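Okay, coords_29.cif now, which holds mmCIF, C-alpha atoms:
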```cif
data_target
loop_
_atom_site.label_atom_id
_atom_site.label_comp_id
_atom_site.auth_asym_id
_atom_site.auth_seq_id
_atom_site.Cartn_x
_atom_site.Cartn_y
_atom_site.Cartn_z
CA LYS C 104 -8.23 10.48 15.17
CA ALA C 105 -5.30 8.30 16.07
CA GLY C 106 -3.67 6.57 13.14
CA VAL C 107 -3.05 2.91 12.53
CA THR C 108 -0.77 1.46 15.17
CA GLN C 109 1.37 -1.63 14.86
CA THR C 110 3.25 -3.49 17.56
CA PRO C 111 5.99 -4.30 17.95
CA ARG C 112 7.91 -1.93 15.67
CA TYR C 113 10.98 -4.13 15.52
CA LEU C 114 11.42 -7.84 16.03
CA ILE C 115 14.31 -10.27 15.74
CA LYS C 116 13.54 -13.97 15.55
CA THR C 117 15.39 -17.17 14.76
CA ARG C 118 14.59 -19.55 11.94
CA GLY C 119 11.93 -22.06 12.91
CA GLN C 120 10.29 -19.80 15.47
CA GLN C 121 6.86 -18.29 15.12
CA VAL C 122 5.82 -14.66 15.45
CA THR C 123 2.63 -12.69 16.00
CA LEU C 124 2.22 -9.10 14.85
CA SER C 125 -0.56 -6.81 15.97
CA CYS C 126 -2.44 -4.01 14.26
CA SER C 127 -4.98 -1.55 15.64
CA PRO C 128 -6.92 0.23 12.90
CA ILE C 129 -8.21 3.76 12.89
CA SER C 130 -11.32 4.04 15.06
CA GLY C 131 -14.40 3.16 13.00
CA HIS C 132 -12.48 1.34 10.29
CA ARG C 133 -13.67 -2.20 9.76
CA SER C 134 -11.26 -3.47 7.12
CA VAL C 135 -7.66 -4.42 7.83
CA SER C 136 -5.18 -5.54 5.18
CA TRP C 137 -1.67 -6.85 5.62
CA TYR C 138 1.25 -6.42 3.23
CA GLN C 139 4.82 -7.66 3.12
CA GLN C 140 7.39 -5.17 1.84
CA THR C 141 10.85 -6.28 0.75
CA PRO C 142 13.44 -4.59 -1.47
CA GLY C 143 13.27 -7.39 -4.01
CA GLN C 144 9.53 -8.08 -4.20
CA GLY C 145 8.10 -4.70 -3.30
CA LEU C 146 4.70 -4.56 -1.65
CA GLN C 147 2.86 -7.85 -1.69
CA PHE C 148 -0.67 -8.37 -0.45
CA LEU C 149 -1.07 -10.96 2.28
CA PHE C 150 -4.74 -10.86 3.29
CA GLU C 151 -7.68 -8.63 4.07
CA TYR C 152 -10.14 -8.95 6.93
CA PHE C 153 -13.52 -7.32 7.16
CA SER C 154 -15.85 -7.76 10.12
CA GLU C 155 -13.79 -10.67 11.48
CA THR C 156 -13.89 -12.56 8.15
CA GLN C 157 -11.04 -13.05 5.74
CA ARG C 158 -12.24 -11.45 2.55
CA ASN C 159 -9.19 -11.79 0.30
CA LYS C 160 -5.94 -13.71 0.43
CA GLY C 161 -2.71 -13.21 -1.43
CA ASN C 162 -0.34 -15.84 -2.75
CA PHE C 163 1.53 -16.75 0.41
CA PRO C 164 2.07 -20.15 2.01
CA GLY C 165 -0.12 -21.40 4.81
CA ARG C 166 2.56 -20.46 7.35
CA PHE C 167 1.11 -16.97 7.09
CA SER C 168 -2.22 -16.56 8.82
CA GLY C 169 -4.27 -13.84 10.40
CA ARG C 170 -7.40 -13.01 12.26
CA GLN C 171 -9.53 -10.06 13.18
CA PHE C 172 -11.30 -9.44 16.45
CA SER C 173 -14.69 -7.92 17.12
CA ASN C 174 -13.09 -4.51 17.82
CA SER C 175 -11.45 -4.68 14.34
CA ARG C 176 -7.97 -5.16 15.76
CA SER C 177 -6.03 -7.70 13.75
CA GLU C 178 -3.13 -10.04 14.24
CA MET C 179 -1.01 -11.90 11.75
CA ASN C 180 1.02 -14.95 12.57
CA VAL C 181 3.96 -16.49 10.77
CA SER C 182 4.96 -19.97 11.82
CA THR C 183 8.23 -21.80 11.14
CA LEU C 184 10.06 -18.63 10.20
CA GLU C 185 12.44 -18.66 7.24
CA LEU C 186 15.24 -16.23 6.41
CA GLY C 187 13.17 -14.98 3.48
CA ASP C 188 10.43 -13.82 5.82
CA SER C 189 12.61 -10.90 6.87
CA ALA C 190 10.64 -7.87 5.76
CA LEU C 191 8.63 -4.85 6.76
CA TYR C 192 5.07 -5.94 7.49
CA LEU C 193 2.53 -3.22 6.92
CA CYS C 194 -1.01 -3.07 8.14
CA ALA C 195 -3.60 -0.84 6.46
CA SER C 196 -7.10 0.01 7.55
CA SER C 197 -10.04 1.42 5.69
CA TYR C 198 -13.76 2.07 6.02
CA PRO C 199 -15.03 0.50 2.85
CA PRO C 200 -18.57 1.36 1.75
CA GLY C 201 -19.32 -2.22 0.87
CA ARG C 202 -17.24 -4.11 -1.67
CA SER C 203 -16.92 -1.35 -4.25
CA GLY C 204 -13.18 -1.05 -3.81
CA ASP C 205 -12.96 2.68 -4.31
CA TYR C 206 -11.66 3.38 -0.83
CA GLU C 207 -8.12 4.42 0.10
CA GLN C 208 -6.15 2.65 2.77
CA TYR C 209 -4.38 4.16 5.75
CA PHE C 210 -1.13 2.49 6.65
CA GLY C 211 0.62 1.94 9.93
CA PRO C 212 4.37 2.44 10.35
CA GLY C 213 5.03 -1.27 10.00
CA THR C 214 6.82 -3.98 11.94
CA ARG C 215 10.37 -4.66 10.85
CA LEU C 216 10.94 -8.43 11.22
CA THR C 217 14.44 -9.80 11.00
CA VAL C 218 14.91 -13.57 10.89
CA THR C 219 18.39 -14.86 11.70
CA ALA P 65 -5.10 -10.18 -13.73
CA GLN P 66 -4.22 -6.78 -12.36
CA SER P 67 -0.76 -5.30 -12.68
CA VAL P 68 1.01 -1.99 -12.25
CA ALA P 69 4.26 -0.81 -13.79
CA GLN P 70 6.39 2.10 -12.74
CA PRO P 71 9.01 2.23 -15.47
CA GLU P 72 11.49 4.41 -13.58
CA ASP P 73 13.24 3.16 -10.46
CA GLN P 74 14.59 6.63 -9.78
CA VAL P 75 13.60 10.14 -10.79
CA ASN P 76 15.84 13.12 -10.12
CA VAL P 77 14.56 16.68 -10.41
CA ALA P 78 15.83 20.07 -9.32
CA GLU P 79 13.91 21.97 -6.67
CA GLY P 80 11.38 24.29 -8.26
CA ASN P 81 11.12 22.28 -11.46
CA PRO P 82 8.03 20.27 -12.38
CA LEU P 83 8.10 16.57 -11.59
CA THR P 84 6.42 13.54 -13.14
CA VAL P 85 6.37 10.01 -11.79
CA LYS P 86 5.02 7.53 -14.31
CA CYS P 87 2.57 4.69 -13.80
CA THR P 88 0.87 2.33 -16.23
CA TYR P 89 -1.64 -0.32 -15.31
CA SER P 90 -3.46 -3.35 -16.60
CA VAL P 91 -6.90 -4.50 -15.44
CA SER P 92 -9.72 -6.46 -16.98
CA GLY P 93 -12.47 -4.08 -15.92
CA ASN P 94 -12.49 -0.44 -14.95
CA PRO P 95 -9.62 0.78 -12.79
CA TYR P 96 -9.54 2.42 -9.43
CA LEU P 97 -6.13 4.10 -9.24
CA PHE P 98 -4.19 5.41 -6.26
CA TRP P 99 -0.90 7.10 -5.44
CA TYR P 100 0.86 6.68 -2.11
CA VAL P 101 4.12 8.10 -0.76
CA GLN P 102 6.48 6.47 1.72
CA TYR P 103 9.04 8.36 3.76
CA PRO P 104 11.93 6.51 5.46
CA ASN P 105 10.86 4.30 8.35
CA ARG P 106 7.23 5.21 7.80
CA GLY P 107 4.18 3.51 6.37
CA LEU P 108 2.56 4.59 3.15
CA GLN P 109 0.55 7.82 3.03
CA PHE P 110 -2.37 8.28 0.67
CA LEU P 111 -1.93 11.10 -1.87
CA LEU P 112 -4.83 10.87 -4.30
CA LYS P 113 -7.14 8.54 -6.17
CA TYR P 114 -9.05 8.27 -9.42
CA ILE P 115 -12.41 6.56 -9.27
CA THR P 116 -14.47 8.17 -12.00
CA GLY P 117 -15.15 11.59 -13.49
CA ASP P 118 -12.51 14.18 -14.33
CA ASN P 119 -9.31 12.73 -15.67
CA LEU P 120 -7.24 15.24 -13.70
CA VAL P 121 -7.26 14.46 -10.00
CA LYS P 122 -5.87 16.79 -7.36
CA GLY P 123 -4.52 15.49 -4.08
CA SER P 124 -2.46 16.31 -1.03
CA TYR P 125 0.66 18.51 -0.91
CA GLY P 126 0.06 20.02 -4.37
CA PHE P 127 0.22 16.70 -6.23
CA GLU P 128 -2.07 15.84 -9.09
CA ALA P 129 -2.42 12.91 -11.45
CA GLU P 130 -3.85 12.50 -14.90
CA PHE P 131 -5.82 9.42 -15.86
CA ASN P 132 -5.43 8.42 -19.50
CA LYS P 133 -7.62 5.47 -20.41
CA SER P 134 -6.28 4.99 -23.93
CA GLN P 135 -2.70 4.84 -22.69
CA THR P 136 -3.66 3.03 -19.46
CA SER P 137 -1.59 5.51 -17.52
CA PHE P 138 -1.94 7.46 -14.31
CA HIS P 139 1.11 9.71 -14.02
CA LEU P 140 1.74 11.71 -10.86
CA LYS P 141 2.70 15.35 -11.31
CA LYS P 142 3.61 18.43 -9.36
CA PRO P 143 4.25 21.86 -10.89
CA SER P 144 7.10 22.81 -8.56
CA ALA P 145 9.09 20.20 -6.64
CA LEU P 146 10.29 20.64 -3.07
CA VAL P 147 13.27 18.95 -1.42
CA SER P 148 10.79 17.57 1.11
CA ASP P 149 9.03 15.68 -1.71
CA SER P 150 11.98 13.29 -1.84
CA ALA P 151 10.52 9.88 -1.00
CA LEU P 152 9.37 6.56 -2.46
CA TYR P 153 6.18 6.76 -4.52
CA PHE P 154 3.82 3.87 -5.19
CA CYS P 155 1.05 3.59 -7.73
CA ALA P 156 -1.72 1.10 -6.96
CA VAL P 157 -4.69 -0.28 -8.86
CA ARG P 158 -7.81 -2.19 -8.01
CA ASP P 159 -10.08 -3.62 -10.68
CA ALA P 160 -13.51 -2.10 -10.08
CA ASP P 161 -15.26 -5.03 -11.75
CA TYR P 162 -13.10 -8.09 -11.11
CA GLY P 163 -10.46 -7.17 -8.57
CA GLN P 164 -10.25 -8.56 -5.09
CA ASN P 165 -7.36 -6.59 -3.68
CA PHE P 166 -5.03 -3.70 -4.35
CA VAL P 167 -1.95 -4.30 -6.48
CA PHE P 168 1.00 -1.97 -5.98
CA GLY P 169 3.71 -1.00 -8.40
CA PRO P 170 7.39 -1.52 -7.51
CA GLY P 171 7.83 2.08 -6.45
CA THR P 172 9.78 5.03 -7.82
CA ARG P 173 12.32 6.85 -5.71
CA LEU P 174 12.08 10.60 -6.21
CA SER P 175 15.06 12.76 -5.33
CA VAL P 176 14.60 16.51 -5.41
CA LEU P 177 17.95 18.25 -5.51
CA PRO P 178 18.39 21.68 -3.91
#
```
Taking this structure as input, can you express it in the form of structure tokens?
Amino acid sequence: KAGVTQTPRYLIKTRGQQVTLSCSPISGHRSVSWYQQTPGQGLQFLFEYFSETQRNKGNFPGRFSGRQFSNSRSEMNVSTLELGDSALYLCASSYPPGRSGDYEQYFGPGTRLTVT
Amino acid sequence: AQSVAQPEDQVNVAEGNPLTVKCTYSVSGNPYLFWYVQYPNRGLQFLLKYITGDNLVKGSYGFEAEFNKSQTSFHLKKPSALVSDSALYFCAVRDADYGQNFVFGPGTRLSVLP
């Protein structure tokens, strides 16, 4: 099976702009989670989508949003970009057997966002 | 609240020697525990998980981890390190009873010296 794909891989934006990142999960996976990875804060959970519904949300401002489509592909959007949004954004997919939480996640290579 | 600690930022070990990467956790309910590895410019790769059952869990690439409930630890081990094991290792936890999402530790950089 093909792995999780993320586009674009690299992105440079200016403060105040908005950006949309895309994630295609492994075929058959219905859950997609997004994480922000920075050297200072490590891996921080943004949100999780399952069957087009946001199931969990991390502690990020409303500028960060996402959605999931019927084919399980997901997008995340960041509006009014700030310098501190520069990070590696990782998408992870999984095939959870319900809400038990015992499933591992499969990560994409990430999108490196640089805000100048 | 869930939390994960990896007390060592960096672990250095000689090739062929055993390695241990430490992880301790805190959850309200029962833990689901995971180890992931990240190579440069790559996403995280799943290594192994503890859900229930045997405290010693075996995973990919010869890695194993031991769950210790009394010490709330889940240390990653390998009997004989390879230079190619050099990477960033993350421990993660999800509360089986109360958790909503995975919480990752800060990561430990493992360097295996030839």
Could you give me, as a tab-separated table, every chain P residue with an atom at most 9 Å from chain C, plus its closest atom pair and distance in Å to one decimal, counting all atoms listed in the file, rows ordered by chain then number?
```
residue	atom	partner	partner_atom	distance
P:Tyr96	CA	C:Asp205	CA	6.2
P:Leu97	CA	C:Asp205	CA	8.5
P:Phe98	CA	C:Glu207	CA	7.5
P:Asn105	CA	C:Pro212	CA	7.0
P:Arg106	CA	C:Pro212	CA	4.7
P:Gly107	CA	C:Pro212	CA	4.1
P:Leu108	CA	C:Phe210	CA	5.5
P:Gln109	CA	C:Phe210	CA	6.7
P:Phe110	CA	C:Tyr209	CA	6.8
P:Leu112	CA	C:Glu207	CA	8.5
P:Lys113	CA	C:Glu207	CA	7.6
P:Tyr114	CA	C:Asp205	CA	8.5
P:Ile115	CA	C:Asp205	CA	6.3
P:Arg158	CA	C:Gly204	CA	6.9
P:Asp159	CA	C:Gly204	CA	8.0
P:Ala160	CA	C:Gly204	CA	6.4
P:Asp161	CA	C:Ser203	CA	8.5
P:Gly163	CA	C:Gly204	CA	8.2
P:Gln164	CA	C:Asn159	CA	6.4
P:Asn165	CA	C:Asn159	CA	6.8
P:Phe166	CA	C:Phe148	CA	7.5
P:Val167	CA	C:Phe148	CA	7.4
P:Phe168	CA	C:Leu146	CA	6.3
P:Gly169	CA	C:Gly145	CA	7.7
P:Pro170	CA	C:Gly145	CA	5.3
P:Gly171	CA	C:Gly145	CA	7.5
```
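A cut-off of 10 Å from the point (-4.2, 10.3, 13.2), with all atoms listed in the file, picks out the residues Lys104, Ala105, Gly106, Val107, Thr108, Ile129, Ser130 and Tyr209 of chain C.
You will find CA of Val77 (chain P) at 9.6 Å from CA of Ser150 (chain P).
Reported to one decimal place, the separation of CA of Thr117 (chain C) from CA of Thr183 (chain C) is 9.3 Å.
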List as an mmCIF file with C-alpha atoms, in the coordinates of the input the protein and nucleic acid residues near Cys87 (chain P), meaning an atom at most 7 Å away when only C-alpha atoms are counted, but skip any in the same chain fewer than 4 places from it.
```cif
data_model
loop_
_atom_site.group_PDB
_atom_site.id
_atom_site.type_symbol
_atom_site.label_atom_id
_atom_site.label_comp_id
_atom_site.auth_asym_id
_atom_site.auth_seq_id
_atom_site.Cartn_x
_atom_site.Cartn_y
_atom_site.Cartn_z
ATOM 1 C CA ALA P 69 4.260 -0.810 -13.790
ATOM 2 C CA GLN P 70 6.390 2.100 -12.740
ATOM 3 C CA SER P 137 -1.590 5.510 -17.520
ATOM 4 C CA PHE P 138 -1.940 7.460 -14.310
ATOM 5 C CA HIS P 139 1.110 9.710 -14.020
ATOM 6 C CA CYS P 155 1.050 3.590 -7.730
#
```
